[in-house]
file run-v2.cif (mmCIF, C-alpha atoms)
data_target
loop_
_atom_site.label_atom_id
_atom_site.label_comp_id
_atom_site.auth_asym_id
_atom_site.auth_seq_id
_atom_site.Cartn_x
_atom_site.Cartn_y
_atom_site.Cartn_z
CA MET L 255 -13.79 -116.25 13.11
CA ILE L 256 -10.28 -117.06 12.02
CA LYS L 257 -9.33 -120.68 11.81
CA GLY L 258 -6.58 -121.36 14.35
CA GLN L 259 -7.09 -118.26 16.43
CA THR L 260 -4.33 -119.01 18.93
CA CYS L 261 -1.62 -116.41 18.64
CA PHE L 262 1.26 -117.89 16.68
CA SER L 263 -0.46 -120.84 15.04
CA SER L 264 0.31 -121.46 11.39
CA GLY L 265 -3.37 -120.89 10.54
CA ALA L 266 -3.39 -117.33 11.85
CA LEU L 267 0.00 -116.66 10.26
CA LYS L 268 -1.36 -117.83 6.92
CA THR L 269 -4.49 -115.69 7.29
CA TYR L 270 -2.48 -112.56 8.06
CA SER L 271 -0.04 -113.26 5.21
CA VAL L 272 -2.92 -113.54 2.75
CA LEU L 273 -4.45 -110.37 4.24
CA LEU L 274 -1.18 -108.45 3.73
CA LEU L 275 -0.87 -109.79 0.19
CA PHE L 276 -4.43 -108.64 -0.54
CA LEU L 277 -3.83 -105.12 0.82
CA ALA L 278 -0.55 -104.85 -1.13
CA LEU L 279 -2.13 -106.00 -4.41
CA LYS L 280 -5.02 -103.61 -3.93
CA ALA L 281 -2.62 -100.73 -3.19
CA VAL L 282 -0.42 -101.46 -6.23
CA GLY L 283 -3.46 -102.07 -8.45
CA ASN L 284 -5.29 -98.89 -7.48
CA SER L 285 -2.19 -96.70 -7.76
CA ALA L 286 -1.13 -98.13 -11.12
CA MET L 287 -4.66 -97.81 -12.44
CA ALA L 288 -5.01 -94.20 -11.27
CA TRP L 289 -1.60 -93.23 -12.66
CA GLY L 290 -2.17 -95.03 -15.97
CA MET L 291 -5.67 -93.65 -16.53
CA LYS L 292 -4.40 -90.10 -16.07
CA GLN L 293 -1.88 -90.63 -18.90
CA ILE L 294 -4.67 -91.33 -21.37
CA PRO L 295 -5.63 -88.21 -23.33
CA GLU L 296 -9.19 -89.11 -24.35
CA ARG L 297 -11.84 -89.06 -21.65
CA MET L 298 -13.68 -92.27 -20.85
CA SER L 299 -17.33 -92.13 -21.94
CA MET L 300 -20.00 -94.73 -22.65
CA ASN L 301 -17.92 -96.13 -25.53
CA PRO L 302 -16.58 -99.59 -24.53
CA ALA L 303 -13.76 -99.41 -27.10
CA LEU L 304 -12.18 -96.59 -25.09
CA TYR L 305 -11.84 -98.83 -22.05
CA LEU L 306 -10.34 -101.69 -24.02
CA ARG L 307 -7.84 -99.32 -25.63
CA ALA L 308 -7.05 -97.86 -22.20
CA MET L 309 -6.00 -101.33 -21.06
CA LEU L 310 -3.15 -101.22 -23.57
CA GLU L 311 -1.55 -98.48 -21.47
CA PRO L 312 1.13 -100.36 -19.45
CA PHE L 313 0.19 -98.93 -16.04
CA VAL L 314 -3.51 -99.56 -16.63
CA ALA L 315 -2.70 -103.13 -17.70
CA MET L 316 -0.61 -103.56 -14.56
CA GLY L 317 -3.44 -102.15 -12.47
CA VAL L 318 -5.99 -104.50 -14.03
CA ALA L 319 -3.69 -107.51 -13.45
CA ALA L 320 -3.00 -106.55 -9.82
CA LEU L 321 -6.70 -105.91 -9.12
CA ILE L 322 -7.67 -109.30 -10.60
CA LEU L 323 -5.04 -110.95 -8.39
CA ALA L 324 -6.39 -108.95 -5.44
CA LEU L 325 -9.89 -110.31 -6.15
CA LEU L 326 -8.57 -113.89 -6.18
CA THR L 327 -6.57 -113.25 -3.00
CA ARG L 328 -9.71 -111.91 -1.31
CA MET L 329 -11.52 -115.12 -2.22
CA ALA L 330 -8.67 -117.09 -0.69
CA LEU L 331 -8.88 -114.88 2.41
CA LEU L 332 -12.63 -115.55 2.65
CA SER L 333 -11.90 -119.26 2.63
CA LEU L 334 -9.57 -118.79 5.62
CA ALA L 335 -11.61 -116.31 7.65
CA ASP L 336 -15.18 -115.13 8.15
CA LEU L 337 -16.64 -112.08 6.41
CA SER L 338 -17.00 -110.46 9.86
CA PHE L 339 -13.21 -110.57 10.09
CA VAL L 340 -12.42 -109.80 6.44
CA LEU L 341 -14.68 -106.71 6.07
CA PRO L 342 -13.35 -104.76 9.09
CA VAL L 343 -9.66 -105.56 8.52
CA THR L 344 -9.75 -104.77 4.80
CA ALA L 345 -11.49 -101.44 5.54
CA VAL L 346 -8.04 -100.04 6.30
CA GLY L 347 -7.68 -100.02 2.50
CA TYR L 348 -9.70 -96.78 2.35
CA VAL L 349 -7.11 -94.99 4.46
CA ILE L 350 -4.24 -96.62 2.56
CA ALA L 351 -5.70 -95.33 -0.74
CA VAL L 352 -5.70 -91.74 0.56
CA PHE L 353 -2.11 -92.17 1.73
CA LEU L 354 -1.03 -93.57 -1.67
CA GLY L 355 -2.82 -90.76 -3.47
CA LYS L 356 -0.93 -88.19 -1.44
CA VAL L 357 2.53 -89.80 -1.45
CA PHE L 358 2.79 -91.42 -4.88
CA LEU L 359 0.30 -89.51 -7.02
CA HIS L 360 1.01 -86.14 -5.33
CA GLU L 361 -2.68 -85.42 -4.74
CA THR L 362 -3.74 -82.61 -2.45
CA VAL L 363 -5.33 -84.22 0.59
CA THR L 364 -7.10 -81.76 2.87
CA SER L 365 -7.60 -82.48 6.57
CA GLN L 366 -11.30 -82.76 5.78
CA ARG L 367 -10.55 -85.63 3.40
CA TRP L 368 -8.37 -87.37 6.01
CA LEU L 369 -11.19 -87.04 8.53
CA GLY L 370 -13.65 -88.45 5.99
CA ALA L 371 -11.41 -91.44 5.27
CA LEU L 372 -11.01 -92.15 8.99
CA LEU L 373 -14.79 -91.93 9.50
CA ILE L 374 -15.31 -94.34 6.60
CA PHE L 375 -12.75 -96.72 8.12
CA ALA L 376 -14.47 -96.60 11.52
CA GLY L 377 -17.93 -96.98 9.95
CA ALA L 378 -16.85 -99.90 7.76
CA VAL L 379 -15.39 -101.63 10.83
CA LEU L 380 -18.70 -101.16 12.67
CA VAL L 381 -20.87 -102.34 9.76
CA GLY L 382 -18.50 -105.15 8.77
CA SER L 383 -18.13 -106.69 12.20
CA THR L 384 -21.89 -107.08 12.58
CA SER L 385 -21.68 -109.63 9.74
CA ARG L 386 -25.21 -110.13 8.48
CA SER L 387 -23.93 -112.00 5.52
CA THR L 388 -22.63 -115.17 7.16
CA THR L 389 -25.05 -117.82 8.42
CA PRO L 390 -26.90 -115.78 11.06
CA SER L 391 -28.58 -118.75 12.75
CA ALA L 392 -25.23 -120.30 13.66
CA GLN L 393 -23.79 -117.06 14.95
CA GLU L 394 -26.54 -115.31 16.85
CA PRO L 395 -27.28 -116.80 20.25
CA GLU L 396 -31.01 -117.17 20.83
CA MET Z 290 -20.31 -85.68 -12.60
CA LYS Z 291 -18.10 -87.36 -10.01
CA TRP Z 292 -21.12 -88.24 -7.86
CA VAL Z 293 -22.89 -89.77 -10.88
CA LEU Z 294 -19.89 -92.07 -11.38
CA VAL Z 295 -19.72 -92.88 -7.66
CA ALA Z 296 -23.46 -93.70 -7.66
CA ALA Z 297 -23.03 -95.95 -10.71
CA ILE Z 298 -20.14 -97.81 -9.04
CA VAL Z 299 -22.07 -98.24 -5.79
CA VAL Z 300 -25.30 -99.45 -7.44
CA ALA Z 301 -23.45 -101.87 -9.73
CA THR Z 302 -21.35 -103.23 -6.84
CA VAL Z 303 -24.33 -103.79 -4.55
CA LEU Z 304 -26.48 -105.28 -7.33
CA GLY Z 305 -23.62 -107.61 -8.28
CA ASP Z 306 -23.27 -108.70 -4.64
CA LEU Z 307 -27.00 -109.32 -4.32
CA LEU Z 308 -27.12 -111.39 -7.51
CA GLN Z 309 -24.11 -113.40 -6.37
CA SER Z 310 -25.68 -114.14 -3.02
CA HIS Z 311 -28.99 -115.01 -4.70
CA GLU Z 312 -27.09 -117.29 -7.04
CA MET Z 313 -25.39 -119.13 -4.19
CA LYS Z 314 -28.68 -119.72 -2.39
CA ARG Z 315 -30.18 -121.11 -5.61
CA ALA Z 316 -27.23 -123.41 -6.13
CA GLY Z 317 -27.88 -124.75 -2.66
CA GLU Z 318 -31.55 -125.36 -3.41
CA GLN Z 319 -30.73 -127.02 -6.67
CA SER Z 320 -29.23 -130.10 -5.10
CA VAL Z 321 -32.66 -130.82 -3.60
CA SER Z 322 -34.86 -130.21 -6.63
CA ALA Z 323 -32.43 -130.99 -9.42
CA ARG Z 324 -34.63 -132.93 -11.84
CA GLY Z 325 -35.82 -132.77 -15.43
CA LEU Z 326 -37.47 -129.63 -16.71
CA ALA Z 327 -37.32 -127.93 -13.34
CA ARG Z 328 -33.57 -128.39 -13.42
CA LEU Z 329 -33.33 -126.95 -16.92
CA LEU Z 330 -35.39 -123.87 -16.03
CA HIS Z 331 -33.39 -123.47 -12.88
CA THR Z 332 -30.14 -123.49 -14.81
CA ILE Z 333 -31.38 -120.91 -17.30
CA VAL Z 334 -32.49 -118.58 -14.53
CA ARG Z 335 -29.21 -119.14 -12.77
CA ARG Z 336 -27.18 -118.43 -15.86
CA ARG Z 337 -29.09 -115.26 -16.58
CA LEU Z 338 -28.55 -114.00 -13.08
CA LEU Z 339 -24.95 -115.10 -13.20
CA PHE Z 340 -24.52 -113.17 -16.44
CA LEU Z 341 -26.19 -110.13 -14.88
CA GLY Z 342 -23.95 -110.38 -11.85
CA VAL Z 343 -20.83 -110.54 -13.98
CA ALA Z 344 -22.11 -107.61 -16.06
CA CYS Z 345 -22.61 -105.59 -12.86
CA ASN Z 346 -19.04 -106.33 -11.80
CA ALA Z 347 -17.77 -105.23 -15.20
CA VAL Z 348 -19.81 -102.00 -15.12
CA SER Z 349 -18.51 -101.26 -11.63
CA PHE Z 350 -14.90 -101.86 -12.72
CA PHE Z 351 -15.07 -99.77 -15.91
CA THR Z 352 -16.83 -96.95 -14.09
CA PHE Z 353 -14.06 -97.00 -11.50
CA MET Z 354 -11.56 -96.58 -14.37
CA ALA Z 355 -13.50 -93.53 -15.59
CA LEU Z 356 -13.72 -92.08 -12.08
CA VAL Z 357 -10.04 -92.53 -11.35
CA GLN Z 358 -9.19 -90.79 -14.64
CA ARG Z 359 -11.09 -87.64 -13.65
CA GLU Z 360 -10.76 -87.60 -9.87
CA PRO Z 361 -7.92 -88.21 -7.40
CA LEU Z 362 -7.44 -91.73 -6.01
CA SER Z 363 -7.83 -90.28 -2.51
CA PHE Z 364 -11.42 -89.48 -3.46
CA ALA Z 365 -12.32 -92.43 -5.72
CA VAL Z 366 -11.54 -95.28 -3.34
CA PRO Z 367 -13.06 -93.89 -0.12
CA ALA Z 368 -16.15 -92.62 -2.01
CA SER Z 369 -16.90 -96.11 -3.32
CA SER Z 370 -17.37 -97.21 0.31
CA ALA Z 371 -20.87 -95.69 0.04
CA SER Z 372 -21.84 -99.24 -0.95
CA PHE Z 373 -21.94 -100.01 2.80
CA VAL Z 374 -24.71 -97.43 3.16
CA LEU Z 375 -26.78 -98.79 0.25
CA GLU Z 376 -26.28 -102.38 1.47
CA THR Z 377 -27.50 -101.45 4.93
CA LEU Z 378 -30.55 -99.64 3.52
CA LEU Z 379 -31.42 -102.58 1.25
CA ALA Z 380 -30.97 -105.06 4.09
CA LYS Z 381 -33.36 -103.04 6.26
CA PHE Z 382 -36.05 -102.00 3.79
CA ILE Z 383 -36.03 -104.74 1.15
CA LEU Z 384 -34.79 -107.82 3.02
CA HIS Z 385 -36.34 -106.69 6.33
CA GLU Z 386 -33.24 -107.69 8.25
CA ARG Z 387 -32.70 -106.40 11.74
CA ILE Z 388 -30.03 -103.67 11.68
CA GLY Z 389 -28.58 -103.16 15.16
CA THR Z 390 -27.42 -99.88 16.64
CA GLN Z 391 -23.86 -100.78 15.68
CA GLY Z 392 -24.74 -101.36 12.03
CA ALA Z 393 -26.80 -98.17 11.80
CA ALA Z 394 -24.06 -96.10 13.46
CA GLY Z 395 -21.49 -97.60 11.11
CA ALA Z 396 -23.54 -96.82 8.01
CA LEU Z 397 -24.05 -93.22 9.20
CA ALA Z 398 -20.32 -92.82 9.85
CA VAL Z 399 -19.54 -94.09 6.34
CA LEU Z 400 -22.10 -91.70 4.84
CA ALA Z 401 -20.63 -88.75 6.74
CA GLY Z 402 -17.15 -89.84 5.70
CA VAL Z 403 -18.11 -89.99 2.02
CA VAL Z 404 -19.57 -86.47 2.20
CA LEU Z 405 -16.38 -85.15 3.85
CA VAL Z 406 -14.09 -86.94 1.39
CA GLY Z 407 -15.94 -85.37 -1.55
CA GLY Z 408 -16.11 -81.86 -0.09
#
call {"tool": "encode", "arguments": {"input": "run-v2.cif", "output": "structure tokens"}}
result
Amino acid sequence: MIKGQTCFSSGALKTYSVLLLFLALKAVGNSAMAWGMKQIPERMSMNPALYLRAMLEPFVAMGVAALILALLTRMALLSLADLSFVLPVTAVGYVIAVFLGKVFLHETVTSQRWLGALLIFAGAVLVGSTSRSTTPSAQEPE
Amino acid sequence: MKWVLVAAIVVATVLGDLLQSHEMKRAGEQSVSARGLARLLHTIVRRRLLFLGVACNAVSFFTFMALVQREPLSFAVPASSASFVLETLLAKFILHERIGTQGAAGALAVLAGVVLVGG
């Protein structure tokens, strides 16, 4: 559960601010990474040097930085709210990624892909809100 | 090829998560039995698992870079959600946790979604 669940408490406001920051960082990170990686002529293989060199590409570097910040922000979010809240609300990220791919990276998104992303979102909400991962004994009534 | 990369991302992510969770439970135990040789052995095991966990995260991240180079972002990100399916399967068959109707329905929806996204 979210600490300070009453509507306009500062706790909830903080939680939702951190959530928005996380989604924004993830969106920027993924887009920059996808854009940057497509500028690199040589294909990534099992050679680690290729990946390190790829990180010199400015957009890839920006993507890596944003995704690291997103990871830290998610940890902060987990300190404010339960996993059963964090998993379902961050699942919207799957739909956001499809949107970003279409709008900013000019990818062709078929209606089948949209449907798939929506199904994934719904499924992740269902799986996430069952929250096996947080102290089950305290949460499940006997 | 794209499904091989997706599978690698999913396995590495889930394995990393499992190791992390294992690690945390061990850290909790350690405060009880933290003494002498036992403590030393404990720490070594912990560090190895910690190292493995970090390695899994790195593999997952680099594989995502390779996937996003070849495939559109609108495929790469939703496809990596297949980790929900693997996590649910592992929870049921390895950890013998009780998966409710809601969890099972959710995992099936994610699986169907991944298939549609890739089609």
call {"tool": "closest_residue", "arguments": {"input": "run-v2.cif", "among": "Z:Arg337, Z:Arg387, Z:Arg359, Z:Lys381", "to": "Gly290 in chain L", "atoms": "only C-alpha atoms"}}
result
Z:Arg359
call {"tool": "resolve_selection", "arguments": {"input": "run-v2.cif", "expression": "the PyMOL selection byres ((chain L and resi 359) around 9)", "output": "VMD selection string"}}
result
(chain L and resid 285 288 to 289 354 to 358 360 to 361) or (chain Z and resid 361 to 362)
call {"tool": "closest_residue", "arguments": {"input": "run-v2.cif", "among": "L:Ala286, L:Leu273, L:Met309, L:Ile294", "to": "Phe351 in chain Z", "atoms": "only C-alpha atoms"}}
result
L:Met309
call {"tool": "resolve_selection", "arguments": {"input": "run-v2.cif", "expression": "the PyMOL selection byres ((chain Z) within 10 of (chain L))", "output": "PyMOL selection string"}}
result
chain Z and resi 310+350-371+373-374+376-377+380+386-408
call {"tool": "atom_distance", "arguments": {"input": "run-v2.cif", "atom1": "CA of Leu275 in chain L", "atom2": "CA of Met316 in chain L"}}
result
16.0 Å
call {"tool": "atom_distance", "arguments": {"input": "run-v2.cif", "atom1": "CA of Met329 in chain L", "atom2": "CA of Ala315 in chain L"}}
result
21.5 Å
call {"tool": "residues_around", "arguments": {"input": "run-v2.cif", "residues": "Ser349 in chain Z", "least_positions_apart": "3", "cutoff": "9 Å", "atoms": "all atoms listed in the file", "output": "PDB file with C-alpha atoms, keeping the file's coordinate frame"}}
result
ATOM      1  CA  ALA Z 297     -23.030 -95.950 -10.710  1.00  0.00           C
ATOM      2  CA  ILE Z 298     -20.140 -97.810  -9.040  1.00  0.00           C
ATOM      3  CA  VAL Z 299     -22.070 -98.240  -5.790  1.00  0.00           C
ATOM      4  CA  VAL Z 300     -25.300 -99.450  -7.440  1.00  0.00           C
ATOM      5  CA  ALA Z 301     -23.450-101.870  -9.730  1.00  0.00           C
ATOM      6  CA  THR Z 302     -21.350-103.230  -6.840  1.00  0.00           C
ATOM      7  CA  GLY Z 305     -23.620-107.610  -8.280  1.00  0.00           C
ATOM      8  CA  ALA Z 344     -22.110-107.610 -16.060  1.00  0.00           C
ATOM      9  CA  CYS Z 345     -22.610-105.590 -12.860  1.00  0.00           C
ATOM     10  CA  ASN Z 346     -19.040-106.330 -11.800  1.00  0.00           C
ATOM     11  CA  THR Z 352     -16.830 -96.950 -14.090  1.00  0.00           C
ATOM     12  CA  PHE Z 353     -14.060 -97.000 -11.500  1.00  0.00           C
ATOM     13  CA  MET Z 354     -11.560 -96.580 -14.370  1.00  0.00           C
TER      14      MET Z 354
END
call {"tool": "atom_distance", "arguments": {"input": "run-v2.cif", "atom1": "CA of Leu326 in chain L", "atom2": "CA of Tyr270 in chain L"}}
result
15.5 Å
call {"tool": "axis_aligned_box", "arguments": {"input": "run-v2.cif", "around": "range 375-394 of chain Z", "padding_each_side": "5 Å", "output": "JSON"}}
result
{"center_x": -30.1, "center_y": -102.0, "center_z": 8.4, "size_x": 22.5, "size_y": 21.7, "size_z": 26.4}
call {"tool": "closest_residue", "arguments": {"input": "run-v2.cif", "among": "Z:Val295, Z:Val303, Z:Leu341, Z:Val348", "to": "Leu379 in chain Z", "atoms": "all atoms listed in the file"}}
result
Z:Val303
call {"tool": "resolve_selection", "arguments": {"input": "run-v2.cif", "expression": "the PyMOL selection byres ((chain L and resi 334) around 12)", "output": "list in words"}}
result
Met255, Ile256, Lys257, Gly258, Gln259, Ser264, Gly265, Ala266, Leu267, Lys268, Thr269, Tyr270, Ser271, Val272, Leu273, Thr327, Arg328, Met329, Ala330, Leu331, Leu332, Ser333, Ala335, Asp336, Leu337, Ser338, Phe339 and Val340 of chain L
